[in-house]
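Shown below: entry.txt, with compact mmCIF, C-alpha atoms and all ligand atoms.
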# COMPACT_ATOMS: atom_id res chain seq x y z
CA MET A 62 100.35 97.60 117.91
CA SER A 63 98.73 100.50 116.13
CA ARG A 64 95.05 101.11 116.84
CA TRP A 65 94.63 102.29 113.28
CA ALA A 66 94.01 99.86 110.46
CA ILE A 67 94.64 102.72 108.08
CA GLU A 68 96.40 106.02 108.65
CA VAL A 69 96.94 108.50 105.84
CA ASN A 70 98.74 111.80 106.34
CA GLY A 71 98.96 114.52 103.70
CA LEU A 72 98.55 112.26 100.69
CA ASN A 73 98.93 113.91 97.29
CA LYS A 74 98.66 112.05 94.01
CA PHE A 75 99.12 113.38 90.48
CA PHE A 76 98.64 111.82 87.07
CA ASN A 77 101.00 114.09 85.13
CA THR A 78 99.58 117.56 85.83
CA ASN A 79 96.23 116.24 87.04
CA HIS A 80 96.18 116.67 90.84
CA VAL A 81 93.91 113.73 91.65
CA LEU A 82 94.22 113.44 95.45
CA LYS A 83 94.76 116.60 97.49
CA ASN A 84 96.12 116.52 101.02
CA ILE A 85 94.14 113.48 102.10
CA ASP A 86 94.18 112.84 105.86
CA ILE A 87 92.22 109.95 107.31
CA ARG A 88 92.43 107.45 110.14
CA VAL A 89 90.40 104.26 110.26
CA PRO A 90 90.42 102.24 113.50
CA PHE A 91 90.26 98.44 113.40
CA GLY A 92 86.72 97.16 113.05
CA GLU A 93 85.31 100.27 111.40
CA VAL A 94 83.30 100.22 108.18
CA VAL A 95 83.87 103.32 106.07
CA SER A 96 81.87 104.12 102.95
CA ILE A 97 83.44 106.42 100.41
CA ILE A 98 81.08 108.35 98.19
CA GLY A 99 81.65 110.95 95.51
CA ALA A 100 81.04 111.75 91.88
CA SER A 101 82.66 109.81 89.07
CA GLY A 102 86.23 111.02 88.55
CA SER A 103 86.58 112.43 92.08
CA GLY A 104 89.48 110.08 92.92
CA LYS A 105 87.83 107.24 94.87
CA SER A 106 89.40 104.35 92.94
CA THR A 107 92.78 106.05 92.88
CA PHE A 108 92.57 106.47 96.64
CA LEU A 109 91.93 102.73 97.17
CA ARG A 110 94.74 101.91 94.78
CA CYS A 111 97.11 104.13 96.77
CA LEU A 112 96.06 102.40 100.01
CA ASN A 113 96.88 99.08 98.41
CA GLY A 114 100.24 100.32 97.17
CA ILE A 115 99.30 99.91 93.49
CA GLU A 116 99.90 103.61 92.72
CA THR A 117 102.99 105.65 93.38
CA ILE A 118 102.25 108.83 95.29
CA HIS A 119 103.67 112.34 95.13
CA SER A 120 103.81 113.04 98.85
CA GLY A 121 102.41 111.93 102.16
CA GLU A 122 102.40 108.86 104.29
CA ILE A 123 100.23 105.73 104.20
CA ILE A 124 100.33 103.35 107.16
CA ILE A 125 98.42 100.08 106.91
CA ASN A 126 98.14 97.87 110.01
CA GLY A 127 100.99 99.86 111.53
CA VAL A 128 103.32 99.47 108.53
CA ALA A 129 104.28 102.55 106.50
CA ILE A 130 103.86 101.28 102.95
CA THR A 131 105.29 104.54 101.67
CA ASP A 132 108.62 103.60 103.27
CA ASN A 133 110.96 102.26 100.56
CA LYS A 134 112.33 99.62 102.90
CA VAL A 135 108.93 97.99 103.36
CA ASN A 136 108.06 94.94 101.27
CA ILE A 137 104.73 96.00 99.82
CA ASN A 138 103.84 92.45 98.82
CA ILE A 139 103.72 91.36 102.45
CA VAL A 140 101.47 94.30 103.38
CA ARG A 141 99.24 93.61 100.39
CA GLN A 142 98.57 90.11 101.66
CA SER A 143 96.83 91.68 104.65
CA ILE A 144 94.48 93.67 102.38
CA GLY A 145 91.63 92.06 100.47
CA MET A 146 90.68 94.02 97.38
CA ILE A 147 87.37 93.58 95.57
CA PHE A 148 86.75 95.26 92.23
CA GLN A 149 83.69 95.95 90.14
CA ASN A 150 84.52 93.18 87.67
CA PHE A 151 85.37 90.26 89.97
CA ASN A 152 88.67 89.38 88.22
CA LEU A 153 88.28 85.64 88.76
CA PHE A 154 90.51 83.33 86.71
CA PRO A 155 88.14 82.24 83.92
CA HIS A 156 89.89 78.96 83.10
CA MET A 157 89.75 77.70 86.69
CA THR A 158 86.87 76.30 88.72
CA VAL A 159 85.44 78.28 91.59
CA LEU A 160 87.24 75.99 94.01
CA SER A 161 90.60 76.34 92.24
CA ASN A 162 90.21 80.10 92.17
CA ILE A 163 90.31 79.97 95.96
CA THR A 164 92.74 77.12 96.57
CA LEU A 165 95.38 78.58 94.24
CA ALA A 166 96.61 81.32 96.56
CA LEU A 167 96.24 79.10 99.61
CA GLN A 168 98.64 76.64 98.05
CA LYS A 169 101.01 79.18 96.48
CA VAL A 170 101.06 81.90 99.11
CA LYS A 171 100.00 80.12 102.30
CA ARG A 172 101.79 76.90 101.31
CA MET A 173 98.83 74.72 102.24
CA SER A 174 98.48 71.15 100.99
CA LYS A 175 95.80 70.41 98.40
CA ALA A 176 93.55 68.76 101.00
CA GLU A 177 93.98 71.56 103.54
CA SER A 178 93.38 74.27 100.95
CA GLU A 179 90.23 72.55 99.69
CA LYS A 180 88.85 72.20 103.18
CA ALA A 181 89.48 75.88 103.87
CA SER A 182 87.98 76.88 100.51
CA PHE A 183 84.79 74.89 101.10
CA ARG A 184 84.37 76.63 104.43
CA LEU A 185 84.68 80.00 102.70
CA LEU A 186 82.29 79.01 99.92
CA GLU A 187 79.82 77.96 102.58
CA LYS A 188 80.22 81.35 104.21
CA VAL A 189 79.22 83.11 100.99
CA GLY A 190 76.49 80.52 100.26
CA LEU A 191 78.11 78.92 97.22
CA GLU A 192 79.49 75.54 98.29
CA GLU A 193 77.34 73.93 95.56
CA LYS A 194 79.21 75.88 92.88
CA ALA A 195 82.68 74.63 93.81
CA GLU A 196 83.15 72.75 90.54
CA SER A 197 81.55 75.40 88.29
CA PHE A 198 83.51 77.81 86.14
CA PRO A 199 83.07 81.55 86.66
CA ILE A 200 81.19 81.99 83.37
CA GLN A 201 78.49 79.60 84.63
CA LEU A 202 77.74 81.91 87.57
CA SER A 203 75.73 85.11 87.81
CA GLY A 204 77.65 88.32 88.42
CA GLY A 205 76.55 88.35 92.04
CA GLN A 206 77.74 84.79 92.54
CA GLN A 207 81.09 85.60 90.91
CA GLN A 208 81.48 88.57 93.20
CA ARG A 209 80.78 86.36 96.23
CA VAL A 210 83.49 83.97 95.02
CA ALA A 211 85.85 86.93 94.70
CA ILE A 212 85.06 87.86 98.30
CA ALA A 213 85.65 84.26 99.46
CA ARG A 214 88.96 84.25 97.60
CA ALA A 215 90.05 87.50 99.23
CA LEU A 216 89.03 86.20 102.66
CA ALA A 217 91.18 83.10 102.15
CA MET A 218 94.25 85.27 102.72
CA ASN A 219 92.95 86.23 106.18
CA PRO A 220 93.08 89.94 105.45
CA ARG A 221 92.95 92.49 108.26
CA VAL A 222 91.29 95.02 105.97
CA MET A 223 88.88 94.54 103.08
CA MET A 224 88.56 97.20 100.39
CA PHE A 225 85.73 97.23 97.88
CA ASP A 226 85.59 99.39 94.77
CA GLU A 227 81.96 99.64 93.63
CA PRO A 228 81.44 95.91 94.23
CA THR A 229 77.82 95.87 93.08
CA SER A 230 77.73 98.41 90.28
CA ALA A 231 78.26 95.87 87.48
CA LEU A 232 75.62 93.47 88.81
CA ASP A 233 72.07 92.69 87.77
CA PRO A 234 69.79 94.32 90.35
CA GLU A 235 68.44 90.96 91.56
CA THR A 236 71.91 89.74 92.60
CA VAL A 237 73.03 92.91 94.36
CA ASN A 238 71.48 92.05 97.71
CA ASP A 239 73.20 88.67 98.01
CA VAL A 240 76.55 90.46 97.72
CA LEU A 241 75.54 93.20 100.14
CA ASP A 242 74.35 90.54 102.63
CA VAL A 243 77.78 88.89 102.56
CA MET A 244 79.38 92.29 103.13
CA LYS A 245 77.00 93.03 106.02
CA GLU A 246 77.90 89.71 107.61
CA LEU A 247 81.60 90.58 107.35
CA ALA A 248 80.96 93.97 108.93
CA LEU A 249 79.10 92.31 111.82
CA GLU A 250 82.05 89.99 112.37
CA GLY A 251 84.19 93.09 112.93
CA MET A 252 86.10 93.24 109.65
CA THR A 253 87.66 96.61 108.90
CA MET A 254 86.18 97.67 105.58
CA VAL A 255 86.57 100.54 103.13
CA VAL A 256 83.74 100.47 100.62
CA VAL A 257 83.41 102.76 97.63
CA THR A 258 79.74 102.46 96.78
CA HIS A 259 76.73 104.20 95.46
CA GLU A 260 74.49 101.84 97.43
CA MET A 261 73.19 104.41 99.85
CA GLY A 262 71.13 101.76 101.64
CA PHE A 263 74.31 99.88 102.49
CA ALA A 264 76.13 103.05 103.49
CA ARG A 265 73.25 104.11 105.74
CA GLU A 266 72.66 100.71 107.28
CA VAL A 267 76.12 99.21 107.62
CA ALA A 268 78.75 101.94 107.54
CA ASP A 269 79.97 103.46 110.79
CA ARG A 270 81.17 106.43 108.84
CA VAL A 271 80.79 108.01 105.43
CA VAL A 272 83.50 110.01 103.66
CA TYR A 273 82.60 112.31 100.78
CA ILE A 274 85.34 113.00 98.25
CA ASP A 275 84.97 115.88 95.84
CA GLU A 276 87.62 116.64 93.20
CA GLY A 277 90.29 114.78 95.16
CA ARG A 278 89.54 116.31 98.56
CA ILE A 279 87.75 114.91 101.56
CA ILE A 280 85.01 117.47 101.99
CA GLU A 281 82.89 115.74 104.60
CA ASP A 282 83.58 112.84 106.94
CA GLY A 283 81.00 111.80 109.51
CA LYS A 284 78.29 109.48 110.73
CA PRO A 285 75.91 108.24 108.02
CA GLU A 286 72.94 110.05 109.56
CA ASP A 287 74.80 113.37 109.52
CA ILE A 288 76.09 112.93 105.99
CA PHE A 289 72.73 111.86 104.56
CA TYR A 290 70.25 113.87 106.62
CA ASN A 291 72.27 116.91 107.52
CA PRO A 292 74.92 117.47 104.83
CA LYS A 293 76.77 120.74 105.30
CA ASN A 294 78.62 121.18 102.05
CA PRO A 295 76.45 122.39 99.13
CA ARG A 296 78.35 120.10 96.73
CA LEU A 297 77.48 117.09 98.91
CA ARG A 298 73.83 118.21 99.06
CA ASP A 299 73.82 118.46 95.30
CA PHE A 300 75.48 115.04 94.93
CA LEU A 301 73.00 113.37 97.30
CA GLY A 302 70.11 115.02 95.47
CA LYS A 303 71.24 113.31 92.28
CA ILE A 304 71.71 109.78 93.62
CA ILE A 305 69.02 109.28 96.25
P1 LIG A 401 86.57 107.67 90.67
O1 LIG A 401 86.94 106.29 91.07
O2 LIG A 401 86.11 108.53 91.81
O3 LIG A 401 85.57 107.69 89.55
P2 LIG A 401 89.28 107.79 89.65
O4 LIG A 401 90.13 107.60 90.83
O5 LIG A 401 89.07 106.65 88.74
O6 LIG A 401 87.87 108.41 90.12
O7 LIG A 401 89.86 108.98 88.78
C1 LIG A 401 90.27 110.22 89.34
C2 LIG A 401 90.99 111.04 88.29
O8 LIG A 401 92.21 110.41 87.95
C3 LIG A 401 90.23 111.22 86.99
O9 LIG A 401 90.50 112.51 86.53
C4 LIG A 401 90.82 110.18 86.09
O10 LIG A 401 90.73 110.57 84.75
C5 LIG A 401 92.28 110.15 86.56
N1 LIG A 401 92.90 108.83 86.38
C6 LIG A 401 92.54 107.68 86.98
N2 LIG A 401 93.36 106.67 86.65
C7 LIG A 401 94.29 107.20 85.81
C8 LIG A 401 95.44 106.67 85.11
N3 LIG A 401 95.79 105.39 85.24
N4 LIG A 401 96.14 107.53 84.34
C9 LIG A 401 95.80 108.82 84.22
N5 LIG A 401 94.76 109.38 84.85
C10 LIG A 401 94.00 108.60 85.63
MG MG A 402 86.16 104.46 90.47

Spell out the structure here as C-alpha cells.
Amino acid sequence: MSRWAIEVNGLNKFFNTNHVLKNIDIRVPFGEVVSIIGASGSGKSTFLRCLNGIETIHSGEIIINGVAITDNKVNINIVRQSIGMIFQNFNLFPHMTVLSNITLALQKVKRMSKAESEKASFRLLEKVGLEEKAESFPIQLSGGQQQRVAIARALAMNPRVMMFDEPTSALDPETVNDVLDVMKELALEGMTMVVVTHEMGFAREVADRVVYIDEGRIIEDGKPEDIFYNPKNPRLRDFLGKII
C-alpha cells in the first residue's frame, strides 16, 4: 500500500503550443489537506483535471492511491471512482430531486437497492445539514446548499481523495461559510483533500500545506504560516498582496 494518496513526477501538459504545466512534482500523503493558490490562468484547474485523468498529458507520471493512471493498461474509470471532484458550478442534475441526485450513482455504480441507497443518501444529507431538502429540486436551493449536495453526492462514492476547484467562488457570501464548514468537518475526519481556493481563511485554518502555482510551475510549497507570513518568492508576495 502506497503512503501517498497522490504522487506526481515530472508532469508536463500542453494545450497546443501553450505549456500549461511545467515539470510538476508533488506528493500528498493520505490525510493531508493541500490548498492550491495562484493567479487566474496559472494552471490550477488543469492540474486537478490531470489528477482526475480528464486531461491527456505530454509527459510524466501520475499515481493516485498507488495506481499509475498514466499507465495505458489502467482503467481510469475505476480510479476516478476513488476521487470526488467538486467544481465551482455544482453540476447537479437539474431535473432530479436532491435525493435522486445522490441515489443515482449508488444504484448505478454501487448497485445498491432503492431502499439501501435512500438510507445512505439521507445519512449523507444529514452530514451536510440538508436532510430537509431531500425532495427539493436543485433550483429551489441556494448556491451554498447546492454545493453541499454536490459534496454529499461525491462522498456517496466513498472517495479516498476529494478535490475541489474553487468550490465557493460562485456563491453568495452568506452561504460560503456553510460550505467551508462542511469541508472543515471532512478535513477533521481525515479526508485527503486538494482544494483550489482563494479563501485564504480556509487555507490558513484548515490546510496542512499550501502550494503556490505560477505560470504552470510550483514556485512555493510549504506550511500555511510560512506561505502567508514569510513568502520567499516575490511573485507570491505580490499575489498575496493582491488577494489578502
Ligand atoms: P486556472 O485554473 O489557474 O485559472 P487553467 O488551468 O484554467 O488556470 O488554465 C491554464 C492555461 O491553460 C490558460 O492559459 C488557459 O487558457 C489554458 N487552457 C485551459 N483549458 C484549456 C482548454 N481546454 N483548451 C485550451 N487551453 C486551455
Ligand atoms: Mg481554474

Leaving out A:Ile118 and any residue of its chain fewer than 6 positions from it, which residues lie within 9 Å of it when counting all atoms listed in the file, given as a list in words? Leu72, Asn73, Lys74, Phe75, Cys111 and Thr131 of chain A

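Between atom CA of A:Val243 and atom CA of A:Gly99 the separation is 23.5 Å.
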
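Atom pair atom CA of A:Leu112 / atom CA of A:Lys293 has a distance of 27.1 Å (rounded to one decimal).
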
Could you list the protein, DNA and RNA residues that have any atom within 10 Å of ligand MG 402 (chain A), counting only C-alpha atoms and all ligand atoms, and write them as a ChimeraX atom specification? /A:99-110,148-149,226-227,257-258

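Near stretch 177-190 of chain A, within 7 Å and counting all atoms listed in the file, sit Leu160, Ile163, Thr164, Leu167, Gln168, Met173, Ser174, Arg209, Ala213 and Val243 of chain A, not including residues fewer than 3 positions from it in the same chain.
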
Would you give me, as a tab-separated table, each residue of stretch 188-211 of chain A having an atom within 6 Å of an atom of stretch 151-157 of chain A, along with its shortest atom pair and that distance in Å to one decimal, using all atoms listed in the file and sorting by chain and residue number?
residue	atom	partner	partner_atom	distance
A:Pro199	CA	A:Pro155	CA	5.8
A:Gln208	CA	A:Phe151	CA	5.3
A:Ala211	CA	A:Phe151	CA	5.8

Using Å and a single decimal, report how far atom CA of A:Asn113 sits from atom CA of A:Asn138. 9.6 Å

Compile the contact shell of stretch 140-144 of chain A as a PyMOL selection string: residues with an atom at most 6 Å away, counting all atoms listed in the file, same-chain residues fewer than 2 positions apart removed. chain A and resi 137-138+220-223

Within 7 Å of A:Val159 using all atoms listed in the file, minus same-chain residues under 4 positions, as number ranges by chain: A: 163, 194-199, 210

For ligand LIG 401 (chain A), the nearest of the candidates A:Met244, A:Met218, A:Leu191, A:Ile115, counting all atoms listed in the file: A:Ile115

The residue from A:Ala166, A:Val272, A:Val81, A:Leu249 with the smallest atom-to-atom distance to ligand LIG 401 (chain A), counting only C-alpha atoms and all ligand atoms, is A:Val81

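Closest approach to ligand LIG 401 (chain A) from the set A:Val69, A:Ile97, A:Leu165, A:Met252 is made by A:Ile97, with distances taken over only C-alpha atoms and all ligand atoms.
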
A:Gly92 surroundings by only C-alpha atoms, 10 Å radius, close-in-sequence under 3 positions cut, as an NGL selection string: :A and (64-66 or 89 or 95 or 221-222 or 248-254 or 269)

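With distances taken over only C-alpha atoms and all ligand atoms, A:Leu82 is the one residue among A:Ile125, A:Leu82, A:Ile67, A:Ala231 lying closest to ligand LIG 401 (chain A).
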
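If you measure from each of A:Asp275, A:Asp287, A:Asp86, A:Asp299 to ligand LIG 401 (chain A) using only C-alpha atoms and all ligand atoms, the closest one turns out to be A:Asp275.
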
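Distance annotation: of A:Ile304, A:Ile274, A:Ile139, A:Leu247, the residue with the minimal separation from ligand LIG 401 (chain A) is A:Ile274; atom set is only C-alpha atoms and all ligand atoms.
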
Since the input is missing atoms for stretch 106-136 of chain A, could you rebuild it with N, CA and C atoms and give the result as a PDB file, in the frame of the given file?
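Final output, selection_34.pdb:
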ATOM      1  N   SER A 106      88.642 105.561  93.306  1.00  0.00           N
ATOM      2  CA  SER A 106      89.400 104.350  92.940  1.00  0.00           C
ATOM      3  C   SER A 106      90.898 104.576  93.121  1.00  0.00           C
ATOM      4  N   THR A 107      91.354 105.742  92.726  1.00  0.00           N
ATOM      5  CA  THR A 107      92.780 106.050  92.880  1.00  0.00           C
ATOM      6  C   THR A 107      93.175 105.995  94.351  1.00  0.00           C
ATOM      7  N   PHE A 108      92.294 106.498  95.209  1.00  0.00           N
ATOM      8  CA  PHE A 108      92.570 106.470  96.640  1.00  0.00           C
ATOM      9  C   PHE A 108      92.730 105.021  97.129  1.00  0.00           C
ATOM     10  N   LEU A 109      91.812 104.142  96.758  1.00  0.00           N
ATOM     11  CA  LEU A 109      91.930 102.730  97.170  1.00  0.00           C
ATOM     12  C   LEU A 109      93.213 102.116  96.627  1.00  0.00           C
ATOM     13  N   ARG A 110      93.531 102.467  95.376  1.00  0.00           N
ATOM     14  CA  ARG A 110      94.740 101.910  94.780  1.00  0.00           C
ATOM     15  C   ARG A 110      96.005 102.404  95.493  1.00  0.00           C
ATOM     16  N   CYS A 111      95.973 103.620  95.976  1.00  0.00           N
ATOM     17  CA  CYS A 111      97.110 104.130  96.770  1.00  0.00           C
ATOM     18  C   CYS A 111      97.206 103.356  98.091  1.00  0.00           C
ATOM     19  N   LEU A 112      96.050 103.119  98.729  1.00  0.00           N
ATOM     20  CA  LEU A 112      96.060 102.400 100.010  1.00  0.00           C
ATOM     21  C   LEU A 112      96.632 101.000  99.860  1.00  0.00           C
ATOM     22  N   ASN A 113      96.428 100.436  98.692  1.00  0.00           N
ATOM     23  CA  ASN A 113      96.880  99.080  98.410  1.00  0.00           C
ATOM     24  C   ASN A 113      98.276  99.058  97.807  1.00  0.00           C
ATOM     25  N   GLY A 114      98.872 100.237  97.688  1.00  0.00           N
ATOM     26  CA  GLY A 114     100.240 100.320  97.170  1.00  0.00           C
ATOM     27  C   GLY A 114     100.356 100.064  95.679  1.00  0.00           C
ATOM     28  N   ILE A 115      99.244 100.157  94.942  1.00  0.00           N
ATOM     29  CA  ILE A 115      99.300  99.910  93.490  1.00  0.00           C
ATOM     30  C   ILE A 115      99.788 101.165  92.766  1.00  0.00           C
ATOM     31  N   GLU A 116      99.503 102.342  93.354  1.00  0.00           N
ATOM     32  CA  GLU A 116      99.900 103.610  92.720  1.00  0.00           C
ATOM     33  C   GLU A 116     101.080 104.219  93.466  1.00  0.00           C
ATOM     34  N   THR A 117     101.966 104.848  92.713  1.00  0.00           N
ATOM     35  CA  THR A 117     102.990 105.650  93.380  1.00  0.00           C
ATOM     36  C   THR A 117     102.333 106.959  93.795  1.00  0.00           C
ATOM     37  N   ILE A 118     102.860 107.574  94.853  1.00  0.00           N
ATOM     38  CA  ILE A 118     102.250 108.830  95.290  1.00  0.00           C
ATOM     39  C   ILE A 118     103.291 109.948  95.254  1.00  0.00           C
ATOM     40  N   HIS A 119     102.790 111.184  95.221  1.00  0.00           N
ATOM     41  CA  HIS A 119     103.670 112.340  95.130  1.00  0.00           C
ATOM     42  C   HIS A 119     104.230 112.703  96.506  1.00  0.00           C
ATOM     43  N   SER A 120     103.353 112.740  97.493  1.00  0.00           N
ATOM     44  CA  SER A 120     103.810 113.040  98.850  1.00  0.00           C
ATOM     45  C   SER A 120     102.813 112.490  99.855  1.00  0.00           C
ATOM     46  N   GLY A 121     103.271 112.415 101.091  1.00  0.00           N
ATOM     47  CA  GLY A 121     102.410 111.930 102.160  1.00  0.00           C
ATOM     48  C   GLY A 121     102.834 110.570 102.661  1.00  0.00           C
ATOM     49  N   GLU A 122     102.042 110.087 103.592  1.00  0.00           N
ATOM     50  CA  GLU A 122     102.400 108.860 104.290  1.00  0.00           C
ATOM     51  C   GLU A 122     101.151 107.976 104.381  1.00  0.00           C
ATOM     52  N   ILE A 123     101.338 106.687 104.092  1.00  0.00           N
ATOM     53  CA  ILE A 123     100.230 105.730 104.200  1.00  0.00           C
ATOM     54  C   ILE A 123     100.688 104.593 105.107  1.00  0.00           C
ATOM     55  N   ILE A 124      99.961 104.396 106.212  1.00  0.00           N
ATOM     56  CA  ILE A 124     100.330 103.350 107.160  1.00  0.00           C
ATOM     57  C   ILE A 124      99.174 102.364 107.251  1.00  0.00           C
ATOM     58  N   ILE A 125      99.450 101.120 106.896  1.00  0.00           N
ATOM     59  CA  ILE A 125      98.420 100.080 106.910  1.00  0.00           C
ATOM     60  C   ILE A 125      98.784  99.049 107.980  1.00  0.00           C
ATOM     61  N   ASN A 126      97.874  98.817 108.906  1.00  0.00           N
ATOM     62  CA  ASN A 126      98.140  97.870 110.010  1.00  0.00           C
ATOM     63  C   ASN A 126      99.471  98.183 110.688  1.00  0.00           C
ATOM     64  N   GLY A 127      99.771  99.456 110.835  1.00  0.00           N
ATOM     65  CA  GLY A 127     100.990  99.860 111.530  1.00  0.00           C
ATOM     66  C   GLY A 127     102.255  99.852 110.687  1.00  0.00           C
ATOM     67  N   VAL A 128     102.133  99.507 109.398  1.00  0.00           N
ATOM     68  CA  VAL A 128     103.320  99.470 108.530  1.00  0.00           C
ATOM     69  C   VAL A 128     103.240 100.594 107.494  1.00  0.00           C
ATOM     70  N   ALA A 129     104.269 101.425 107.449  1.00  0.00           N
ATOM     71  CA  ALA A 129     104.280 102.550 106.500  1.00  0.00           C
ATOM     72  C   ALA A 129     104.615 102.017 105.113  1.00  0.00           C
ATOM     73  N   ILE A 130     103.607 101.864 104.275  1.00  0.00           N
ATOM     74  CA  ILE A 130     103.860 101.280 102.950  1.00  0.00           C
ATOM     75  C   ILE A 130     104.583 102.261 102.039  1.00  0.00           C
ATOM     76  N   THR A 131     104.600 103.527 102.456  1.00  0.00           N
ATOM     77  CA  THR A 131     105.290 104.540 101.670  1.00  0.00           C
ATOM     78  C   THR A 131     106.794 104.551 101.978  1.00  0.00           C
ATOM     79  N   ASP A 132     107.197 103.736 102.932  1.00  0.00           N
ATOM     80  CA  ASP A 132     108.620 103.600 103.270  1.00  0.00           C
ATOM     81  C   ASP A 132     109.255 102.624 102.269  1.00  0.00           C
ATOM     82  N   ASN A 133     110.318 103.091 101.605  1.00  0.00           N
ATOM     83  CA  ASN A 133     110.960 102.260 100.560  1.00  0.00           C
ATOM     84  C   ASN A 133     111.461 100.914 101.069  1.00  0.00           C
ATOM     85  N   LYS A 134     111.759 100.856 102.361  1.00  0.00           N
ATOM     86  CA  LYS A 134     112.330  99.620 102.900  1.00  0.00           C
ATOM     87  C   LYS A 134     111.265  98.532 103.131  1.00  0.00           C
ATOM     88  N   VAL A 135     110.002  98.940 103.065  1.00  0.00           N
ATOM     89  CA  VAL A 135     108.930  97.990 103.360  1.00  0.00           C
ATOM     90  C   VAL A 135     108.617  97.137 102.123  1.00  0.00           C
ATOM     91  N   ASN A 136     108.440  95.839 102.347  1.00  0.00           N
ATOM     92  CA  ASN A 136     108.060  94.940 101.270  1.00  0.00           C
ATOM     93  C   ASN A 136     106.534  95.013 101.091  1.00  0.00           C
TER      94      ASN A 136
END
